[in-house]
Each structure stands twice: as structure tokens, then as C-alpha cells.
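For reference, upload-v4.txt is printed below; it contains compact mmCIF, C-alpha atoms.
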```
# COMPACT_ATOMS: atom_id res chain seq x y z
CA MET H 23 59.01 138.54 -123.11
CA LYS H 24 62.59 137.62 -123.83
CA PRO H 25 65.29 139.71 -122.15
CA ARG H 26 67.17 142.07 -124.44
CA SER H 27 70.48 143.79 -124.05
CA LYS H 28 70.26 146.97 -122.01
CA GLY H 29 71.96 149.18 -124.57
CA SER H 30 70.13 147.90 -127.62
CA ASP H 31 68.19 150.31 -129.81
CA LYS H 32 66.28 147.52 -131.54
CA GLY H 33 63.77 146.68 -128.82
CA GLN H 34 60.23 147.37 -129.84
CA THR H 35 57.11 147.33 -127.75
CA ALA H 36 54.74 144.57 -128.72
CA GLN H 37 51.90 145.51 -131.03
CA LEU H 38 48.55 144.58 -129.66
CA SER H 39 45.87 142.94 -131.68
CA THR H 40 43.10 142.86 -129.15
CA SER H 41 39.53 143.36 -130.24
CA ALA H 42 37.17 145.08 -127.86
CA GLY H 43 34.35 142.81 -126.83
CA ALA H 44 30.83 143.77 -127.77
CA CYS H 45 28.48 144.79 -125.01
CA ASP H 46 26.59 141.50 -125.33
CA ARG H 47 28.25 138.54 -123.63
CA ASP H 48 27.57 134.85 -124.00
CA THR H 49 26.84 133.04 -120.77
CA SER H 50 29.11 130.16 -121.73
CA GLN H 51 32.13 132.47 -121.88
CA ALA H 52 32.04 133.29 -118.19
CA ASP H 53 30.66 130.18 -116.49
CA GLY H 54 33.90 129.78 -114.51
CA GLY H 55 33.12 130.71 -110.92
CA ALA H 56 29.42 130.97 -111.66
CA SER H 57 28.54 129.30 -108.38
CA ASP H 58 30.76 131.65 -106.38
CA VAL H 59 29.23 134.54 -104.51
CA PRO H 60 30.78 137.78 -105.80
CA ASP H 61 33.02 139.52 -103.30
CA SER H 62 34.56 142.97 -103.15
CA LEU H 63 38.13 143.34 -104.35
CA GLY H 64 40.71 143.33 -101.60
CA SER H 65 38.95 140.80 -99.37
CA LYS H 66 38.97 137.73 -101.63
CA LEU H 67 42.68 136.92 -101.71
CA PRO H 68 44.35 135.37 -98.65
CA ARG H 69 46.45 137.88 -96.80
CA SER H 70 49.49 135.58 -96.70
CA ASP H 71 49.56 135.59 -100.51
CA VAL H 72 49.54 139.39 -100.87
CA LEU H 73 52.43 141.85 -100.68
CA LEU H 74 50.40 145.05 -101.12
CA ASP H 75 46.73 145.27 -100.18
CA ILE H 76 44.89 148.57 -100.71
CA ARG H 77 41.46 148.81 -99.09
CA HIS H 78 38.92 151.58 -99.79
CA LEU H 79 41.60 154.20 -100.46
CA SER H 80 40.33 157.75 -100.98
CA LYS H 81 41.85 161.19 -101.40
CA THR H 82 40.04 164.53 -101.55
CA TYR H 83 41.50 168.00 -101.98
CA VAL H 84 39.94 171.27 -100.88
CA ALA H 85 39.00 173.22 -104.01
CA ASP H 86 37.46 176.26 -102.33
CA ASN H 87 36.99 177.64 -98.82
CA SER H 88 34.35 180.02 -97.57
CA ARG H 89 35.15 183.39 -96.05
CA PHE H 90 35.10 181.76 -92.63
CA GLY H 91 37.43 178.88 -93.57
CA SER H 92 34.87 176.11 -94.02
CA LYS H 93 35.22 173.78 -96.99
CA ARG H 94 32.78 174.68 -99.74
CA SER H 95 33.91 172.26 -102.47
CA LEU H 96 36.16 169.21 -102.64
CA VAL H 97 38.03 167.51 -105.49
CA HIS H 98 37.45 163.75 -105.28
CA ALA H 99 40.77 162.64 -106.78
CA VAL H 100 40.55 158.99 -105.63
CA SER H 101 37.39 157.37 -104.32
CA ASN H 102 37.16 153.99 -102.59
CA VAL H 103 39.89 152.21 -104.57
CA SER H 104 40.78 148.64 -103.55
CA PHE H 105 43.15 146.13 -105.13
CA SER H 106 45.84 143.63 -104.16
CA ILE H 107 49.25 142.81 -105.63
CA ARG H 108 51.01 139.51 -105.06
CA PRO H 109 54.79 139.19 -104.67
CA GLY H 110 56.61 139.22 -108.01
CA GLU H 111 53.62 140.59 -109.94
CA THR H 112 53.36 143.72 -112.05
CA PHE H 113 50.02 145.47 -111.61
CA GLY H 114 49.22 147.85 -114.47
CA LEU H 115 47.04 150.87 -113.65
CA VAL H 116 45.59 152.67 -116.67
CA GLY H 117 43.13 155.46 -117.33
CA GLU H 118 42.71 158.93 -118.76
CA SER H 119 44.67 161.93 -117.53
CA GLY H 120 43.29 163.15 -114.23
CA CYS H 121 41.66 159.87 -113.22
CA GLY H 122 43.78 159.55 -110.05
CA LYS H 123 46.46 157.04 -111.10
CA THR H 124 49.43 159.11 -109.97
CA THR H 125 47.66 160.09 -106.74
CA VAL H 126 47.35 156.40 -105.86
CA GLY H 127 51.08 155.94 -106.45
CA LYS H 128 51.99 158.98 -104.35
CA MET H 129 49.88 157.70 -101.46
CA LEU H 130 51.75 154.40 -101.54
CA VAL H 131 55.13 156.10 -101.15
CA ASN H 132 53.81 158.50 -98.49
CA LEU H 133 54.13 161.64 -100.61
CA VAL H 134 50.38 162.22 -100.21
CA ARG H 135 48.38 161.36 -97.10
CA PRO H 136 45.12 159.48 -97.87
CA THR H 137 41.84 160.95 -96.69
CA ALA H 138 40.47 157.49 -95.92
CA GLY H 139 41.32 153.84 -96.41
CA GLU H 140 44.08 151.42 -95.50
CA ILE H 141 47.38 150.39 -97.09
CA PHE H 142 48.71 147.01 -96.00
CA PHE H 143 52.26 146.15 -96.99
CA ASP H 144 53.50 142.69 -96.02
CA GLY H 145 50.63 142.45 -93.52
CA HIS H 146 51.28 145.81 -91.81
CA ASN H 147 48.93 148.79 -92.03
CA LEU H 148 51.29 151.58 -93.10
CA LEU H 149 48.84 154.33 -92.21
CA ALA H 150 48.66 153.15 -88.59
CA LEU H 151 52.43 153.15 -88.05
CA LYS H 152 54.35 155.86 -86.26
CA PRO H 153 56.73 157.98 -88.41
CA ALA H 154 59.82 156.12 -87.18
CA GLU H 155 58.22 152.76 -87.96
CA ARG H 156 56.95 153.93 -91.33
CA LYS H 157 60.46 155.01 -92.32
CA THR H 158 61.57 151.37 -92.26
CA TYR H 159 58.93 150.41 -94.79
CA CYS H 160 59.68 153.46 -96.94
CA ARG H 161 62.93 151.77 -97.89
CA ASP H 162 60.95 148.83 -99.26
CA ILE H 163 58.69 151.04 -101.40
CA GLN H 164 60.36 153.30 -103.95
CA LEU H 165 59.18 155.48 -106.83
CA ILE H 166 60.35 155.96 -110.42
CA PHE H 167 59.16 159.41 -111.47
CA GLN H 168 57.43 160.22 -114.72
CA ASP H 169 59.67 163.06 -115.88
CA PRO H 170 63.35 162.05 -116.23
CA TYR H 171 64.26 165.73 -116.72
CA ALA H 172 62.65 167.23 -113.61
CA SER H 173 63.25 164.32 -111.21
CA LEU H 174 67.05 164.75 -111.08
CA ASN H 175 68.81 167.60 -109.31
CA PRO H 176 70.71 169.53 -112.04
CA ARG H 177 73.31 170.74 -109.50
CA MET H 178 74.32 167.25 -108.36
CA ARG H 179 76.54 164.72 -110.08
CA VAL H 180 74.92 161.43 -111.01
CA GLY H 181 76.99 159.49 -108.48
CA ASP H 182 75.83 161.80 -105.68
CA ILE H 183 72.19 161.49 -106.78
CA ILE H 184 72.31 157.70 -106.57
CA ALA H 185 74.29 157.73 -103.32
CA GLU H 186 72.02 160.21 -101.53
CA PRO H 187 69.30 157.75 -100.38
CA MET H 188 71.96 155.32 -99.09
CA LEU H 189 73.70 158.06 -97.10
CA THR H 190 70.42 159.52 -95.80
CA ASN H 191 69.24 156.12 -94.53
CA LYS H 192 72.74 155.14 -93.34
CA MET H 193 72.45 151.94 -95.32
CA LEU H 194 76.18 151.49 -95.98
CA PRO H 195 79.43 152.97 -94.69
CA LYS H 196 80.68 155.84 -96.86
CA LYS H 197 83.62 153.72 -98.06
CA GLN H 198 81.24 151.16 -99.57
CA VAL H 199 78.80 153.63 -101.13
CA GLU H 200 81.01 154.34 -104.16
CA ALA H 201 81.25 150.65 -105.02
CA ARG H 202 77.49 150.31 -104.64
CA VAL H 203 76.91 153.26 -106.98
CA ASN H 204 79.16 151.68 -109.62
CA GLU H 205 77.26 148.41 -109.23
CA LEU H 206 73.89 150.14 -109.72
CA LEU H 207 75.11 151.97 -112.82
CA GLU H 208 76.17 148.66 -114.32
CA HIS H 209 72.76 147.14 -113.52
CA VAL H 210 70.99 149.85 -115.52
CA GLY H 211 73.41 149.75 -118.45
CA LEU H 212 75.56 152.82 -117.76
CA ALA H 213 79.35 153.00 -117.47
CA ASN H 214 81.05 153.73 -114.14
CA TYR H 215 82.82 156.84 -115.40
CA MET H 216 79.43 158.49 -115.99
CA ARG H 217 79.00 158.93 -112.24
CA ASN H 218 80.93 162.22 -112.44
CA ARG H 219 78.63 163.77 -115.03
CA TYR H 220 75.66 166.06 -114.48
CA PRO H 221 72.09 165.18 -115.56
CA HIS H 222 72.08 167.66 -118.48
CA GLU H 223 74.86 165.62 -120.12
CA PHE H 224 72.56 162.60 -120.59
CA SER H 225 69.75 161.78 -122.99
CA GLY H 226 66.17 161.21 -121.81
CA GLY H 227 66.52 157.44 -121.76
CA GLN H 228 69.80 157.63 -119.85
CA ARG H 229 68.26 159.97 -117.29
CA GLN H 230 65.44 157.53 -116.70
CA ARG H 231 68.02 154.78 -116.17
CA ILE H 232 69.61 157.00 -113.52
CA GLY H 233 66.22 157.37 -111.87
CA ILE H 234 65.82 153.59 -111.88
CA ALA H 235 69.27 153.17 -110.31
CA ARG H 236 68.31 155.62 -107.57
CA ALA H 237 65.11 153.68 -106.89
CA LEU H 238 67.14 150.46 -106.56
CA ALA H 239 69.68 151.99 -104.18
CA LEU H 240 67.86 150.90 -100.99
CA ARG H 241 67.17 147.38 -102.26
CA PRO H 242 63.36 147.81 -102.31
CA ARG H 243 60.81 145.06 -102.65
CA PHE H 244 58.13 147.16 -104.32
CA ILE H 245 58.51 149.97 -106.89
CA VAL H 246 55.86 152.40 -108.12
CA CYS H 247 56.58 153.14 -111.79
CA ASP H 248 54.73 156.39 -112.50
CA GLU H 249 54.53 156.49 -116.30
CA PRO H 250 58.28 155.86 -116.60
CA VAL H 251 58.30 155.78 -120.42
CA SER H 252 55.66 158.35 -121.38
CA ALA H 253 58.25 161.09 -122.00
CA LEU H 254 60.56 158.87 -124.09
CA ASP H 255 60.76 157.94 -127.77
CA VAL H 256 59.25 154.62 -128.82
CA SER H 257 62.60 152.87 -129.32
CA ILE H 258 63.86 154.15 -125.96
CA GLN H 259 60.59 153.06 -124.34
CA ALA H 260 61.32 149.48 -125.38
CA GLN H 261 64.80 149.62 -123.85
CA VAL H 262 63.50 150.92 -120.51
CA LEU H 263 60.65 148.40 -120.41
CA ASN H 264 63.04 145.52 -121.08
CA LEU H 265 65.39 146.88 -118.41
CA LEU H 266 62.56 146.96 -115.85
CA ASP H 267 61.64 143.40 -116.77
CA ASP H 268 65.24 142.22 -116.38
CA LEU H 269 65.58 143.93 -113.00
CA LYS H 270 62.31 142.40 -111.83
CA GLU H 271 63.61 138.90 -112.51
CA GLN H 272 67.07 139.66 -111.12
CA PHE H 273 65.99 141.23 -107.82
CA GLY H 274 62.54 139.69 -107.33
CA LEU H 275 60.76 143.04 -107.53
CA THR H 276 57.04 143.81 -107.52
CA TYR H 277 55.75 146.73 -109.60
CA LEU H 278 52.79 149.06 -109.72
CA PHE H 279 53.06 150.25 -113.33
CA ILE H 280 51.08 153.43 -114.05
CA ALA H 281 50.59 154.33 -117.71
CA HIS H 282 48.27 155.74 -120.36
CA GLY H 283 49.05 153.31 -123.15
CA LEU H 284 47.24 149.99 -122.95
CA ASN H 285 49.75 148.46 -125.36
CA VAL H 286 52.60 149.31 -122.97
CA VAL H 287 50.70 147.95 -119.97
CA LYS H 288 49.99 144.64 -121.69
CA HIS H 289 53.67 144.32 -122.52
CA VAL H 290 54.80 144.44 -118.87
CA SER H 291 51.84 143.62 -116.59
CA ASP H 292 50.44 140.45 -115.06
CA GLN H 293 47.24 142.09 -113.83
CA VAL H 294 45.55 145.29 -115.05
CA GLY H 295 43.25 147.80 -113.34
CA VAL H 296 41.25 150.43 -115.24
CA MET H 297 40.44 153.75 -113.52
CA TYR H 298 37.98 156.46 -114.48
CA LEU H 299 37.36 159.69 -112.56
CA GLY H 300 38.91 158.39 -109.34
CA LYS H 301 37.15 155.02 -109.38
CA LEU H 302 38.39 151.54 -110.27
CA PHE H 303 36.09 150.12 -112.94
CA GLU H 304 37.68 146.78 -113.83
CA VAL H 305 40.53 144.57 -112.61
CA ALA H 306 41.59 141.31 -114.23
CA PRO H 307 44.61 139.30 -115.40
CA LYS H 308 45.90 140.96 -118.55
CA HIS H 309 44.89 138.26 -121.03
CA GLU H 310 41.41 138.04 -119.50
CA LEU H 311 40.93 141.81 -119.62
CA TYR H 312 42.27 142.28 -123.14
CA ASP H 313 40.45 139.28 -124.61
CA ARG H 314 37.14 139.64 -122.75
CA PRO H 315 36.62 143.13 -121.32
CA LEU H 316 33.36 143.58 -119.44
CA SER H 317 33.20 147.27 -118.56
CA PRO H 318 31.98 149.56 -121.39
CA TYR H 319 34.79 151.97 -120.54
CA THR H 320 37.43 149.23 -120.89
CA GLN H 321 35.90 148.20 -124.21
CA ALA H 322 36.11 151.78 -125.46
CA LEU H 323 39.76 152.08 -124.41
CA LEU H 324 40.71 148.82 -126.11
CA SER H 325 38.92 149.79 -129.31
CA ALA H 326 41.20 152.83 -129.59
CA ILE H 327 44.41 150.76 -129.74
CA PRO H 328 45.78 150.95 -133.31
CA THR H 329 46.62 147.73 -135.12
CA VAL H 330 48.44 146.95 -138.37
CA GLU H 331 46.89 143.49 -138.81
CA ARG H 332 44.14 143.56 -141.44
CA THR H 333 42.58 140.34 -140.18
CA LYS H 334 42.06 141.74 -136.70
CA LYS H 335 40.36 145.03 -137.30
CA ARG H 336 38.16 146.24 -134.49
CA GLN H 337 35.16 148.51 -134.44
CA ARG H 338 36.06 151.84 -132.82
CA ILE H 339 33.81 152.89 -129.95
CA ILE H 340 33.49 156.68 -129.86
CA LEU H 341 32.61 158.08 -126.45
CA GLU H 342 30.40 161.16 -126.57
CA GLY H 343 30.27 163.95 -124.04
CA ASP H 344 32.85 165.30 -121.61
CA VAL H 345 34.38 163.78 -118.50
CA PRO H 346 32.41 165.00 -115.44
CA SER H 347 34.10 167.26 -112.95
CA PRO H 348 35.76 165.51 -109.97
CA ILE H 349 34.40 168.35 -107.83
CA ASP H 350 30.82 167.32 -108.56
CA PRO H 351 30.81 163.69 -109.78
CA PRO H 352 27.50 162.12 -110.90
CA PRO H 353 25.43 160.50 -108.14
CA GLY H 354 25.34 157.08 -109.77
CA CYS H 355 27.95 155.51 -112.03
CA ARG H 356 30.60 158.10 -112.89
CA PHE H 357 30.74 156.84 -116.47
CA SER H 358 26.99 156.94 -117.02
CA SER H 359 27.00 160.26 -118.92
CA ARG H 360 29.24 158.77 -121.65
CA CYS H 361 28.27 155.08 -121.50
CA PHE H 362 26.77 153.40 -124.58
CA ALA H 363 25.25 150.59 -122.47
CA LYS H 364 23.59 152.70 -119.76
CA VAL H 365 20.48 151.47 -117.97
CA PRO H 366 18.22 153.57 -115.69
CA LEU H 367 19.88 152.21 -112.56
CA CYS H 368 23.23 153.72 -113.63
CA ASP H 369 22.00 157.26 -112.92
CA GLU H 370 20.79 156.35 -109.42
CA VAL H 371 23.12 153.82 -107.77
CA GLU H 372 26.89 153.65 -107.87
CA PRO H 373 27.99 150.11 -108.88
CA GLU H 374 30.29 148.10 -106.60
CA LEU H 375 33.47 146.41 -107.77
CA LEU H 376 32.50 142.73 -107.61
CA GLU H 377 34.18 139.51 -108.70
CA VAL H 378 32.20 138.24 -111.69
CA ALA H 379 34.73 135.58 -112.74
CA PRO H 380 37.85 134.13 -111.09
CA ARG H 381 40.12 137.15 -110.38
CA HIS H 382 38.03 139.29 -112.75
CA PHE H 383 36.39 142.25 -111.00
CA CYS H 384 34.03 144.74 -112.61
CA ALA H 385 31.94 147.69 -111.42
CA CYS H 386 28.99 147.79 -113.79
CA HIS H 387 25.22 147.30 -113.36
CA CYS H 388 25.08 145.58 -116.76
CA VAL H 389 27.39 142.80 -115.61
CA GLY H 390 25.75 140.06 -113.55
CA ALA H 391 27.27 137.52 -111.20
CA ARG H 392 28.17 135.34 -114.19
CA GLY H 393 29.93 138.13 -116.06
CA VAL H 394 27.06 138.42 -118.55
CA ARG H 395 26.21 141.82 -119.96
CA GLY H 396 22.75 142.89 -120.81
CA GLU H 397 21.66 144.04 -124.23
CA THR H 398 23.25 147.10 -125.71
CA PRO H 399 20.75 149.93 -126.10
```

Target format C-alpha cells, applied to this file:
Amino acid sequence: MKPRSKGSDKGQTAQLSTSAGACDRDTSQADGGASDVPDSLGSKLPRSDVLLDIRHLSKTYVADNSRFGSKRSLVHAVSNVSFSIRPGETFGLVGESGCGKTTVGKMLVNLVRPTAGEIFFDGHNLLALKPAERKTYCRDIQLIFQDPYASLNPRMRVGDIIAEPMLTNKMLPKKQVEARVNELLEHVGLANYMRNRYPHEFSGGQRQRIGIARALALRPRFIVCDEPVSALDVSIQAQVLNLLDDLKEQFGLTYLFIAHGLNVVKHVSDQVGVMYLGKLFEVAPKHELYDRPLSPYTQALLSAIPTVERTKKRQRIILEGDVPSPIDPPPGCRFSSRCFAKVPLCDEVEPELLEVAPRHFCACHCVGARGVRGETP
């Protein structure tokens, strides 16, 4: 993607022309790594080559207590999620509303405490650190919120909003904070004089730029982008996406990009993970996942992407039934009640996320060690 000017209104997100793969797969398409023994995600990559390594991360919430205070039902928001992100990469995390994407992001920035699992950042287990030690790493991991309207304090001027994290962490002397704020505003395409305005005086896209400037204030290495463009118009989305891409190259940032739209994720990501009902179903480099999806759920998502190219029409896969409740998920595969390729084993055993091709992981009983899918029922 070529960099575009930060104030341009002409940027457009790339249209995708990806056809969802059929459930049947040819053995010759996935013979790379056929002799490798599949391994669980999060333990295959060397630790020295990973900035963020999430292992078996889970989060449950209490949905109901008994009269005596015991837990009667739990919401399984995130269940046994594992993935790794290398320095300089953008990892796209997609899925339906309520699948646990935002909960994963909040656990990374310590807004939500995981129920189980480990989070390794630069080789250090963040969940095992003391609060004072964890605070140091909190500066390296920042969050861009989804809602540019609710994430800014309406009673504070923009300059004070951006300066607050620097003053709280005593990053710079007060005399240098003003110059740093002006510098950050310039990086995100806003004029210096705007620092004295209040958030209600800005448009949605400008507010999101302010949120990005605040996230950059502590010079982080890793940023969680929690659906940063979902509340913006399409033309403004393109501007913000191009801005994030420019900042990534300029400051050497690493992103976890959470989104609903698969077209947006393909535009910005290097690697993509697909979540459903708290579980990670497929992880692969973006071109591998979009060109050769293995999970039936990924195929259904890709088939729903609209295209204007007549020569690349795809057959729409309509999923029947409702999403199961996270309070009482199915005993086997969580997608089995809606899957068009279900086999009897899907209702009994939960599939593991295994590497079926180089850097291509999939949790599906229909996918063998060579990435070959069985016949579609």
C-alpha cells in the first residue's frame, strides 16, 4: 500500500476480490510442510523472533450467582486462545460481534484480568509481574479505542488529553510536554493551534486522530487497534488506515488490529486470525487465508464480501441457525450447529488449532495434516 497524504479525502479502502474456497481441497495445493508434524499455535515460532506471544488465554465472567454466593453459570468470553505476533507485523483479528475480539485486546492492555493463560511480551510473562514492574511494560502497549466520541474527555482540551499520559508517567519535564504535544499533532495530520479546542469541536475522523496521538504519546512498541474505523465514514476510514500504516513505518510499530470487515483487515494486516464464540478457528498469512481458506467458518465469512468484478463472482455461503450461547457452548466444535461440512466427530470432540501448512493454523476435524478437507456433505 502506497502512503497517502494524511489530510486527503481521496483514499479508498481496497476492494477485495477473494473467492471463498470450496470445502473440498486438492492435496497438491497444500503439500508444503506435509512432512511436518502439526504443532499447536504459540509453540512453533522461536521465542527470539516474537514480540507478543499469547498462550492459552481465557476469560470467563460470572453470569449468575446462587443465593449463597456460589457461581451457577459462567460466560465463556475467550477460551484457550493462542497466537504470536512478530515485531513490525500487523495481526488482524476478525469475527462476529460478541466473539471475544475486544476482550482479547483489553487483556493485553491490562484493562481485564485473564482467567487463565499467559501473555509474553518481549520474552516476559506480563501476568507474573508485580504491579510496579507491569507498569513499565504498560507504556510499551497502548490502545486505540473503538469509539472516537466516548474515548475523549469532553471537559478537557485536546492538548491536555494528549499530555496526560506523559505527565502521569513522568516521561518528560513539563516544559517539554507542550513541544511533544505539538509534534504528535503534526504526526497525525492536525494543526498545532487545535490543541486548545475541545473534542466536540472536531469531526469523527479528527477525534480518532487525537486518540491515535494519545496512544503514541508514550512511544509504545505495540498498539491494540480496537476497531478504530468502524464508527467512521468510508472515505475517512481510508484516511485513518493510511495514517496507521504511515505511523507503523515511521516508528516501527506492531499492531493488533481488531475489526469486523474482512476487506479492511486485508488492507492493513500481515497475518489474520478468525474468531468464533471465544475460540480461534484459523490463523494464516493474509494472502494464504484469503486465497485458500480451510475453516468452513472462514469460507462463509469470505463469501459474504461484496465485489464489483463480474469475472470474480463467488458463491455465497448462507449459515443457518443461531450462534450458540457463550454461557452454554456446545461440547464439541462451537461452530458445529451451523457448519455445512460437519462430521459426527464435530459434535463430540473440540478440534485443536494445529499447523496444517507453513504458518497456516486451523481448528477443524475436516482438515488433515496436509490441509486437505474431506468431502462436503

Taken to one decimal, the atom CA of H:Met297-atom CA of H:Thr320 distance is 9.2 Å

query: Looking at only C-alpha atoms, which of H:Val345, H:Leu79, H:Leu165, H:Leu299 is the one that sits closest to H:Val97?
result: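 Of H:Val345, H:Leu79, H:Leu165, H:Leu299, the one nearest H:Val97, counting only C-alpha atoms, is H:Leu299.
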
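Distances from H:Val131, H:Leu284, H:Ala201, H:Ala306 to H:Pro328 were compared using only C-alpha atoms, and the smallest one belongs to H:Leu284.
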
- prompt: Which polymer residues have any atom within 9 Å of an atom of H:Ser101, counting all atoms listed in the file, with same-chain residues fewer than 2 positions away left out, as a ChimeraX atom specification?
  reply: /H:78-82,98-99,103,122,138,299-302

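Minimum atom-to-atom distance to H:Ala385, evaluated using all atoms listed in the file, belongs to H:Ser317 out of H:Asn175, H:Ser317, H:Gln261, H:Ser325.
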
So which residues touch H:Asp144 within 10 Å, counting only C-alpha atoms, skipping near sequence neighbours fewer than 6 positions away, as a tab-separated table (two decimals) with C-alpha atoms, in the frame of the given file?
```tsv
chain	number	residue	atom	x	y	z
H	69	ARG	CA	46.45	137.88	-96.80
H	70	SER	CA	49.49	135.58	-96.70
H	71	ASP	CA	49.56	135.59	-100.51
H	72	VAL	CA	49.54	139.39	-100.87
H	73	LEU	CA	52.43	141.85	-100.68
H	74	LEU	CA	50.40	145.05	-101.12
H	75	ASP	CA	46.73	145.27	-100.18
H	108	ARG	CA	51.01	139.51	-105.06
H	109	PRO	CA	54.79	139.19	-104.67
H	159	TYR	CA	58.93	150.41	-94.79
```

- [ ] Excluding stretch 223-227 of chain H and residues on its chain fewer than 6 positions from it, collect all residues at most 7 Å away from it, counting all atoms listed in the file, and give them as number ranges by chain.
- [x] H: 170, 254, 258

* Asked: Which is closest to H:Met193 among H:Phe167, H:Thr158, H:Ala150, H:Val116, if we use only C-alpha atoms?
  ->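 Distance minimum relative to H:Met193 lands on H:Thr158.
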
A straight line from atom CA of H:Met178 to atom CA of H:Arg243 spans 26.6 Å

Judged by all atoms listed in the file, the minimum distance to H:Glu271 among H:Asn102, H:Glu111, H:Met188, H:Ile349 is found for H:Glu111

Who sits within 12 Å of H:Thr276, all atoms listed in the file, same chain under 6 positions skipped, as a VMD selection string:
chain H and resid 72 to 74 106 to 114 143 162 to 165 241 to 247 266 to 267 269 to 270 290 to 293

Separating atom CA of H:Glu140 from atom CA of H:Pro153, to the nearest tenth of an Å, is a gap of 15.9 Å

What's the 8 Å shell around H:Cys384, counting all atoms listed in the file, without same-chain residues fewer than 5 positions away, as a short mmCIF file (atom, residue, chain, number, x, y, z; two decimals) with C-alpha atoms, keeping the file's coordinate frame?
```
data_model
loop_
_atom_site.label_atom_id
_atom_site.label_comp_id
_atom_site.auth_asym_id
_atom_site.auth_seq_id
_atom_site.Cartn_x
_atom_site.Cartn_y
_atom_site.Cartn_z
CA PHE H 303 36.09 150.12 -112.94
CA GLU H 304 37.68 146.78 -113.83
CA VAL H 305 40.53 144.57 -112.61
CA LEU H 316 33.36 143.58 -119.44
CA SER H 317 33.20 147.27 -118.56
CA GLU H 374 30.29 148.10 -106.60
CA LEU H 375 33.47 146.41 -107.77
CA LEU H 376 32.50 142.73 -107.61
CA GLU H 377 34.18 139.51 -108.70
CA VAL H 378 32.20 138.24 -111.69
CA VAL H 389 27.39 142.80 -115.61
#
```

request  = Rank H:Val180, H:Ile76, H:Leu115, H:Leu151 by their smallest atom-to-atom distance to H:Val294, using all atoms listed in the file, and report the top residue only.
outcome  =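 Closest residue, counting all atoms listed in the file: H:Leu115.
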
Fill in: Distance query 10 Å from (55.9, 163.8, -113.2) using only C-alpha atoms, result as a PyMOL selection string
chain H and resi 124+166-173+248-250+252-253

- Please write as a PyMOL selection string the list of polymer residues whose atoms come within 10 Å of (45.3, 139.9, -120.3), counting all atoms listed in the file and keeping to the coordinates of the file. chain H and resi 40+287-289+291-294+306-315
